[in-house]
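Engineer: For reference, this is entry_34.txt, and it has compact mmCIF, C-alpha atoms.
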# COMPACT_ATOMS: atom_id res chain seq x y z
CA MET A 1 0.20 4.67 26.34
CA ILE A 2 -3.55 3.98 26.13
CA SER A 3 -5.25 7.32 25.69
CA LYS A 4 -8.04 8.24 28.08
CA ILE A 5 -8.15 11.69 26.60
CA SER A 6 -11.43 13.04 25.26
CA GLU A 7 -11.92 14.14 21.68
CA LYS A 8 -12.49 17.68 22.95
CA GLU A 9 -9.11 17.66 24.71
CA LEU A 10 -7.41 16.42 21.55
CA LEU A 11 -8.87 19.25 19.49
CA GLU A 12 -7.85 21.88 22.04
CA TYR A 13 -4.29 20.65 22.54
CA GLN A 14 -1.53 22.93 21.19
CA GLY A 15 1.58 20.94 22.05
CA MET A 16 4.41 21.30 24.55
CA GLY A 17 7.09 22.30 22.09
CA TYR A 18 9.02 25.46 21.34
CA MET A 19 9.09 27.71 18.30
CA PRO A 20 12.65 28.96 17.72
CA ASP A 21 12.95 32.65 16.89
CA ASP A 22 14.92 31.82 13.76
CA PHE A 23 12.72 28.90 12.64
CA ASP A 24 11.66 30.55 9.37
CA ASP A 25 15.23 31.55 8.53
CA TYR A 26 16.42 28.04 9.39
CA TRP A 27 14.16 26.44 6.79
CA LYS A 28 14.71 29.18 4.20
CA ARG A 29 18.44 28.51 4.42
CA ALA A 30 17.85 24.76 4.29
CA LEU A 31 15.77 24.99 1.12
CA LYS A 32 18.29 27.33 -0.46
CA GLU A 33 21.03 24.77 0.25
CA MET A 34 18.91 21.98 -1.23
CA GLU A 35 18.20 23.97 -4.37
CA SER A 36 21.92 24.62 -4.87
CA VAL A 37 22.72 20.89 -4.93
CA ASP A 38 23.49 19.20 -8.25
CA ALA A 39 21.04 16.29 -8.00
CA ASN A 40 23.00 14.15 -10.51
CA PHE A 41 19.71 12.37 -11.18
CA GLU A 42 19.70 8.79 -12.52
CA MET A 43 16.63 6.80 -13.57
CA LYS A 44 17.05 3.20 -14.71
CA PRO A 45 14.25 0.82 -15.82
CA THR A 46 13.79 -2.48 -14.00
CA ASN A 47 13.04 -5.85 -15.57
CA LEU A 48 9.96 -6.61 -13.46
CA ASN A 49 7.53 -9.00 -15.11
CA LEU A 50 4.40 -7.19 -13.91
CA LYS A 51 1.52 -6.08 -16.13
CA ASN A 52 0.26 -2.56 -16.86
CA GLN A 53 3.21 -0.74 -15.32
CA GLU A 54 6.66 0.67 -15.99
CA SER A 55 9.07 0.72 -13.07
CA PHE A 56 12.36 2.47 -12.42
CA GLU A 57 15.07 2.73 -9.81
CA ILE A 58 16.06 6.32 -9.10
CA TRP A 59 19.15 7.78 -7.48
CA PHE A 60 19.77 11.46 -6.76
CA THR A 61 22.24 13.48 -4.70
CA GLY A 62 20.82 15.27 -1.69
CA VAL A 63 22.30 17.74 0.77
CA GLY A 64 25.58 16.59 2.24
CA ASN A 65 26.38 14.79 -1.01
CA ALA A 66 24.36 11.73 0.02
CA ARG A 67 23.00 9.44 -2.69
CA ILE A 68 19.28 8.83 -2.15
CA TYR A 69 17.42 5.81 -3.51
CA CYS A 70 13.79 5.74 -4.70
CA ARG A 71 11.46 3.38 -6.52
CA TYR A 72 9.17 4.84 -9.16
CA MET A 73 6.30 3.11 -10.91
CA ARG A 74 3.88 4.53 -13.47
CA PRO A 75 1.02 3.12 -15.53
CA VAL A 76 1.90 2.15 -19.09
CA GLY A 77 1.28 5.18 -21.30
CA ALA A 78 0.76 7.50 -18.33
CA LYS A 79 -0.18 11.04 -19.29
CA ASN A 80 -1.30 13.87 -17.01
CA ALA A 81 -1.28 11.34 -14.19
CA PRO A 82 -1.39 12.12 -10.47
CA VAL A 83 1.69 11.15 -8.47
CA ILE A 84 1.79 9.98 -4.88
CA PHE A 85 4.94 10.20 -2.73
CA LYS A 86 5.17 7.40 -0.16
CA PRO A 87 7.80 7.63 2.60
CA HIS A 88 8.15 4.58 4.84
CA GLY A 89 7.91 3.91 8.56
CA TYR A 90 10.75 4.20 11.07
CA GLY A 91 13.71 1.95 10.31
CA GLY A 92 12.06 0.62 7.16
CA ARG A 93 12.68 0.90 3.44
CA CYS A 94 10.89 1.64 0.18
CA GLU A 95 7.48 0.11 -0.35
CA SER A 96 7.60 -3.07 -2.42
CA TRP A 97 6.87 -2.97 -6.13
CA TYR A 98 3.91 -5.28 -5.57
CA ASP A 99 2.30 -2.93 -3.04
CA MET A 100 2.47 -0.03 -5.50
CA LEU A 101 0.19 -1.84 -7.94
CA SER A 102 -3.07 -0.88 -6.19
CA TRP A 103 -2.26 2.76 -6.98
CA ILE A 104 -1.20 1.93 -10.53
CA SER A 105 -4.65 0.37 -11.05
CA GLN A 106 -6.15 3.78 -10.21
CA GLY A 107 -3.93 5.61 -12.68
CA TYR A 108 -1.37 6.97 -10.22
CA CYS A 109 2.37 7.25 -10.55
CA VAL A 110 4.04 6.20 -7.28
CA MET A 111 7.33 7.38 -5.80
CA ALA A 112 8.65 5.45 -2.77
CA ILE A 113 11.68 6.91 -0.98
CA ASP A 114 14.36 5.34 1.24
CA ALA A 115 15.15 7.50 4.28
CA ARG A 116 18.88 7.97 4.79
CA GLY A 117 20.69 5.32 6.80
CA GLN A 118 17.61 3.31 7.75
CA GLY A 119 16.52 -0.04 6.33
CA GLY A 120 17.04 0.74 2.66
CA ARG A 121 19.78 1.84 0.30
CA SER A 122 20.02 5.62 0.78
CA GLN A 123 23.29 6.97 2.16
CA ASP A 124 23.65 8.80 5.46
CA THR A 125 26.69 11.05 5.13
CA LEU A 126 26.04 13.10 8.28
CA GLN A 127 29.08 13.45 10.55
CA THR A 128 27.97 13.78 14.14
CA VAL A 129 29.31 13.81 17.67
CA GLY A 130 28.28 10.93 19.92
CA ASN A 131 25.91 8.01 19.57
CA THR A 132 25.51 6.25 16.23
CA LEU A 133 24.35 2.91 17.65
CA HIS A 134 20.69 3.83 17.17
CA GLY A 135 18.48 6.87 17.40
CA HIS A 136 17.60 9.04 14.41
CA ILE A 137 15.72 11.65 16.46
CA ILE A 138 18.84 12.41 18.48
CA ARG A 139 21.29 12.09 15.57
CA GLY A 140 23.21 15.36 15.32
CA LEU A 141 21.81 16.69 18.59
CA ASP A 142 25.26 17.15 20.14
CA ASN A 143 26.64 18.99 17.12
CA GLU A 144 26.78 22.71 17.78
CA ASN A 145 25.00 23.59 14.54
CA PRO A 146 21.28 22.61 14.36
CA ASP A 147 21.79 22.26 10.60
CA ASP A 148 23.35 18.88 11.46
CA LEU A 149 20.13 17.35 12.76
CA TYR A 150 19.43 14.12 10.89
CA TYR A 151 15.79 14.83 10.12
CA ARG A 152 16.60 18.19 8.54
CA GLN A 153 18.36 16.26 5.79
CA VAL A 154 15.55 13.69 5.43
CA PHE A 155 12.89 16.41 5.22
CA LEU A 156 14.93 18.08 2.48
CA ASP A 157 15.17 14.79 0.57
CA MET A 158 11.37 14.69 0.51
CA ALA A 159 11.23 18.21 -0.90
CA GLN A 160 13.94 17.48 -3.44
CA ILE A 161 12.25 14.42 -4.96
CA VAL A 162 9.09 16.50 -5.44
CA ARG A 163 11.14 19.01 -7.47
CA ILE A 164 12.55 16.15 -9.52
CA ALA A 165 9.14 14.56 -10.15
CA GLU A 166 7.83 17.91 -11.38
CA THR A 167 10.08 17.52 -14.41
CA PHE A 168 8.45 14.21 -15.45
CA GLU A 169 6.30 14.71 -18.55
CA GLU A 170 3.68 12.17 -17.44
CA VAL A 171 2.99 13.86 -14.08
CA ASP A 172 0.07 16.22 -13.54
CA LYS A 173 1.67 19.04 -11.52
CA ASN A 174 -1.73 19.89 -10.00
CA ARG A 175 -2.22 16.41 -8.55
CA MET A 176 0.83 15.74 -6.42
CA TYR A 177 0.07 13.98 -3.13
CA ALA A 178 1.93 12.52 -0.12
CA LEU A 179 0.88 9.54 1.99
CA GLY A 180 2.50 7.64 4.82
CA GLY A 181 2.13 6.09 8.26
CA SER A 182 4.08 6.71 11.48
CA GLN A 183 7.46 8.13 10.37
CA GLY A 184 6.01 8.08 6.86
CA GLY A 185 3.08 10.17 8.06
CA GLY A 186 5.42 12.70 9.64
CA LEU A 187 7.51 12.82 6.48
CA ALA A 188 4.38 13.29 4.36
CA ILE A 189 3.56 16.38 6.44
CA ALA A 190 7.16 17.64 6.19
CA CYS A 191 7.08 17.04 2.45
CA ALA A 192 3.97 19.20 2.08
CA ALA A 193 5.38 21.88 4.40
CA LEU A 194 8.49 22.28 2.25
CA SER A 195 6.75 21.65 -1.10
CA PRO A 196 3.72 23.86 -1.83
CA GLN A 197 3.21 21.74 -4.95
CA ILE A 198 1.70 19.00 -2.74
CA LYS A 199 -2.09 19.33 -2.89
CA LYS A 200 -3.25 16.56 -0.53
CA VAL A 201 -1.70 14.61 2.37
CA VAL A 202 -2.80 11.41 4.06
CA ALA A 203 -1.05 10.93 7.41
CA TYR A 204 -1.63 7.78 9.46
CA TYR A 205 -0.63 8.26 13.14
CA PRO A 206 2.18 10.72 12.22
CA PHE A 207 5.45 10.47 14.14
CA LEU A 208 8.01 13.30 14.66
CA SER A 209 5.74 15.71 16.53
CA ASP A 210 5.76 17.16 20.04
CA TYR A 211 8.89 15.46 21.33
CA LYS A 212 8.61 16.85 24.84
CA TYR A 213 5.11 15.48 25.39
CA ALA A 214 6.21 12.09 24.08
CA TYR A 215 9.25 12.06 26.38
CA LEU A 216 7.16 12.88 29.45
CA ASN A 217 4.31 10.49 28.69
CA ILE A 218 5.58 7.48 26.77
CA GLU A 219 5.26 4.21 28.71
CA SER A 220 6.70 1.60 26.36
CA ALA A 221 9.79 1.00 24.26
CA THR A 222 9.31 3.00 21.06
CA ALA A 223 11.35 5.26 18.83
CA PHE A 224 10.63 8.11 21.26
CA ASP A 225 12.58 6.08 23.83
CA GLU A 226 15.70 7.46 22.17
CA LEU A 227 15.11 10.63 24.16
CA SER A 228 15.18 8.80 27.49
CA GLU A 229 18.29 6.94 26.40
CA TYR A 230 19.95 10.21 25.41
CA PHE A 231 19.34 11.82 28.79
CA ARG A 232 20.33 8.65 30.64
CA MET A 233 23.68 8.46 28.83
CA PHE A 234 24.61 12.08 28.11
CA ASP A 235 22.70 14.25 30.56
CA PRO A 236 21.93 12.01 33.57
CA ARG A 237 21.20 14.96 35.85
CA GLN A 238 19.02 16.51 33.16
CA GLU A 239 20.70 19.87 33.31
CA ASN A 240 20.16 20.56 29.60
CA VAL A 241 16.64 19.27 29.02
CA GLU A 242 15.20 22.55 27.82
CA LYS A 243 18.12 23.15 25.43
CA VAL A 244 17.58 19.70 23.93
CA PHE A 245 13.91 20.30 23.23
CA GLN A 246 14.61 23.78 21.91
CA LYS A 247 16.96 22.28 19.33
CA LEU A 248 14.55 19.47 18.44
CA ALA A 249 11.95 22.15 17.71
CA TYR A 250 13.61 22.73 14.32
CA ILE A 251 12.58 19.22 13.22
CA ASP A 252 9.20 19.07 14.98
CA ILE A 253 6.41 18.75 12.41
CA GLN A 254 3.99 20.63 14.65
CA ASN A 255 6.12 23.70 13.88
CA LEU A 256 6.28 22.91 10.16
CA ALA A 257 2.48 22.58 10.01
CA LYS A 258 2.04 26.31 9.45
CA TYR A 259 3.74 25.99 6.06
CA VAL A 260 1.41 23.26 4.75
CA LYS A 261 -0.80 24.39 1.87
CA ALA A 262 -2.25 20.94 1.14
CA ASP A 263 -5.55 19.53 2.34
CA VAL A 264 -4.92 16.88 5.00
CA ILE A 265 -6.63 13.83 6.42
CA MET A 266 -5.19 12.15 9.52
CA ALA A 267 -6.09 8.79 11.06
CA SER A 268 -5.21 7.92 14.64
CA GLY A 269 -5.63 4.96 16.98
CA MET A 270 -6.59 6.09 20.47
CA ARG A 271 -4.67 3.14 21.96
CA ASP A 272 -1.43 4.06 20.20
CA SER A 273 1.40 3.27 22.62
CA ALA A 274 4.15 4.10 20.12
CA VAL A 275 3.11 7.58 18.96
CA PRO A 276 0.79 9.16 21.55
CA VAL A 277 -2.33 10.53 19.93
CA MET A 278 -1.80 13.88 21.66
CA THR A 279 1.44 14.38 19.77
CA GLN A 280 -0.41 13.80 16.52
CA PHE A 281 -3.01 16.43 17.35
CA ALA A 282 -0.31 18.92 18.36
CA MET A 283 0.53 18.99 14.65
CA PHE A 284 -3.02 18.59 13.32
CA ASN A 285 -4.39 21.52 15.34
CA LYS A 286 -1.77 23.85 13.86
CA LEU A 287 -2.72 23.11 10.26
CA LYS A 288 -4.44 26.07 8.61
CA THR A 289 -5.86 24.21 5.60
CA ASN A 290 -8.88 22.01 4.93
CA LYS A 291 -8.40 19.05 7.22
CA LYS A 292 -10.22 16.07 8.68
CA TYR A 293 -9.37 13.44 11.27
CA TYR A 294 -10.52 9.86 11.82
CA LEU A 295 -10.32 8.31 15.29
CA TYR A 296 -10.18 4.58 16.06
CA PRO A 297 -10.89 4.17 19.80
CA GLU A 298 -9.85 0.50 20.01
CA ARG A 299 -6.87 0.59 17.63
CA GLY A 300 -3.24 1.31 18.32
CA HIS A 301 -0.16 1.83 16.17
CA GLU A 302 -1.30 -0.56 13.46
CA LYS A 303 -2.94 -0.86 10.08
CA LEU A 304 -6.32 0.87 10.12
CA ASP A 305 -8.21 -1.42 7.80
CA ASP A 306 -10.71 0.80 6.02
CA MET A 307 -8.47 3.87 5.82
CA ASP A 308 -6.79 2.67 2.63
CA GLU A 309 -10.10 2.81 0.79
CA THR A 310 -11.04 6.10 2.46
CA ALA A 311 -7.72 7.65 1.44
CA MET A 312 -7.90 6.40 -2.13
CA GLN A 313 -11.46 7.64 -2.57
CA TRP A 314 -10.51 11.05 -1.18
CA LEU A 315 -7.46 11.37 -3.41
CA ASN A 316 -9.57 10.34 -6.41
CA GLU A 317 -12.05 13.18 -5.85
Would you mind writing the file's structure down as structure tokens?
Structural biologist:
Amino acid sequence: MISKISEKELLEYQGMGYMPDDFDDYWKRALKEMESVDANFEMKPTNLNLKNQESFEIWFTGVGNARIYCRYMRPVGAKNAPVIFKPHGYGGRCESWYDMLSWISQGYCVMAIDARGQGGRSQDTLQTVGNTLHGHIIRGLDNENPDDLYYRQVFLDMAQIVRIAETFEEVDKNRMYALGGSQGGGLAIACAALSPQIKKVVAYYPFLSDYKYAYLNIESATAFDELSEYFRMFDPRQENVEKVFQKLAYIDIQNLAKYVKADVIMASGMRDSAVPVMTQFAMFNKLKTNKKYYLYPERGHEKLDDMDETAMQWLNE
């Protein structure tokens, strides 16, 4: 959808979602479950022939006994170094080793994480009723227990790898950051919400916010289309629409925004037809920390050229 919404409307928008009465208890229980898991952490060096870095493949056990895969790179001789957590976009996989090198050149350690059951190597052990053909937003939606929602487990993986990285001697615990675009932007926000150790977040056009608005306003085939497909197949008369969005509220980052302690910058293309800009501001407007947004009127769901430099400069401050 091409946004014809004014900047004023964006900044006033508060979302169309719900806030479950037990939302705080839901995430307290989730974090308690995560902290009870034996991570069975493994870290093995690679044999990459790249200069000025040391790289490792990491596996750990997350909730549901799933094995989660990460790539970790640090500068040679790193000491008191900042670390940046980089979740990927929807359906993707860990960032390439090569792409991490720009951050290594600035003295950062980099942790890239494979989301469960998407394009990488992390396991998805969730047992759900119904569709497994595609659709991570709706995965677990027909299970009675909202604890079975797919993104609950992925959000917890983000929090768990932060706890693991805190134990690394080379990491400066006061300079832990999260950065991502689209799904990665949403996961960066979720990471900060569940990990007060995160001090700064860069979120490019963050996905996973304000599902109801996206369902009612999306005009092209995107990941949000899963919602239309769900109703078409499983609730064709739409008798349970409100119940669906009430359950999705547990994994809506606009609701998690109140937990974020980190400073945040967000970049958005006004012509974003994949993740409507209004859904992004539903989350942004609920942040209670230092925050700043950048708007690109003629850009969509795409690389925003100068934001990489802007983000790096801001994180280097």
Engineer: Can I get the residues of range 10-54 of chain A within 10 Å of range 230-245 of chain A, each with the closest pair of atoms and their distance in Å to one decimal, using all atoms listed in the file, sorted chain first then ascending number, as a tab-separated table?
Structural biologist:
residue	atom	partner	partner_atom	distance
A:Met16	CA	A:Phe245	CA	9.6
A:Gly17	CA	A:Phe245	CA	7.2
A:Tyr18	CA	A:Phe245	CA	7.4
Engineer: Within 10 Å of (-11.9, 1.7, 20.7) (file coordinates; all atoms listed in the file), which protein or nucleic acid residues are there? I'd like them as a ChimeraX atom specification.
Structural biologist: /A:269-271,295-300
Engineer: If you count all atoms listed in the file, which residues fall within 10 Å of Glu226 in chain A, apart from same-chain ones fewer than 4 positions away, as a ChimeraX atom specification?
Structural biologist: /A:134-139,215,221-222,230-232
Engineer: Counting all atoms listed in the file, which residues of range 53-88 of chain A fall within 12 Å of range 184-188 of chain A, and what is the closest atom pair for each with its distance in Å at one decimal, ordered by chain and rising number, as a tab-separated table?
Structural biologist:
residue	atom	partner	partner_atom	distance
A:Ile84	CA	A:Ala188	CA	10.2
A:Phe85	CA	A:Ala188	CA	7.8
A:Lys86	CA	A:Gly184	CA	7.1
A:Pro87	CA	A:Gly184	CA	4.6
A:His88	CA	A:Gly184	CA	4.6
Engineer: Those same residues - C-alpha atoms - I'd like them written as a tab-separated table (two decimals), keeping the file's coordinate frame.
Structural biologist:
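Writing the result to part-v3.tsv gives the following:
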chain	number	residue	atom	x	y	z
A	84	ILE	CA	1.79	9.98	-4.88
A	85	PHE	CA	4.94	10.20	-2.73
A	86	LYS	CA	5.17	7.40	-0.16
A	87	PRO	CA	7.80	7.63	2.60
A	88	HIS	CA	8.15	4.58	4.84
Engineer: From the options A:Ser195, A:Ser182, A:Ser105, A:Thr125, which residue's atoms come nearest to Ala81 in chain A, counting all atoms listed in the file?
Structural biologist: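 Closest residue, counting all atoms listed in the file: A:Ser105.
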Engineer: Of the residues A:Val275, A:Ile164, A:Leu256, A:Val76, which is the one nearest to Gln183 in chain A, using only C-alpha atoms?
Structural biologist: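 Closest to Gln183 in chain A of all the choices is A:Val275.
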Engineer: Tell me, in Å to one decimal, how far CA of Ser228 in chain A is from CA of Tyr250 in chain A.
Structural biologist: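 Atom-to-atom, CA of Ser228 in chain A and CA of Tyr250 in chain A are spaced 19.2 Å apart.
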Engineer: What is the CA of Arg93 in chain A to CA of Gln118 in chain A distance in Å?
Structural biologist: 7.0 Å
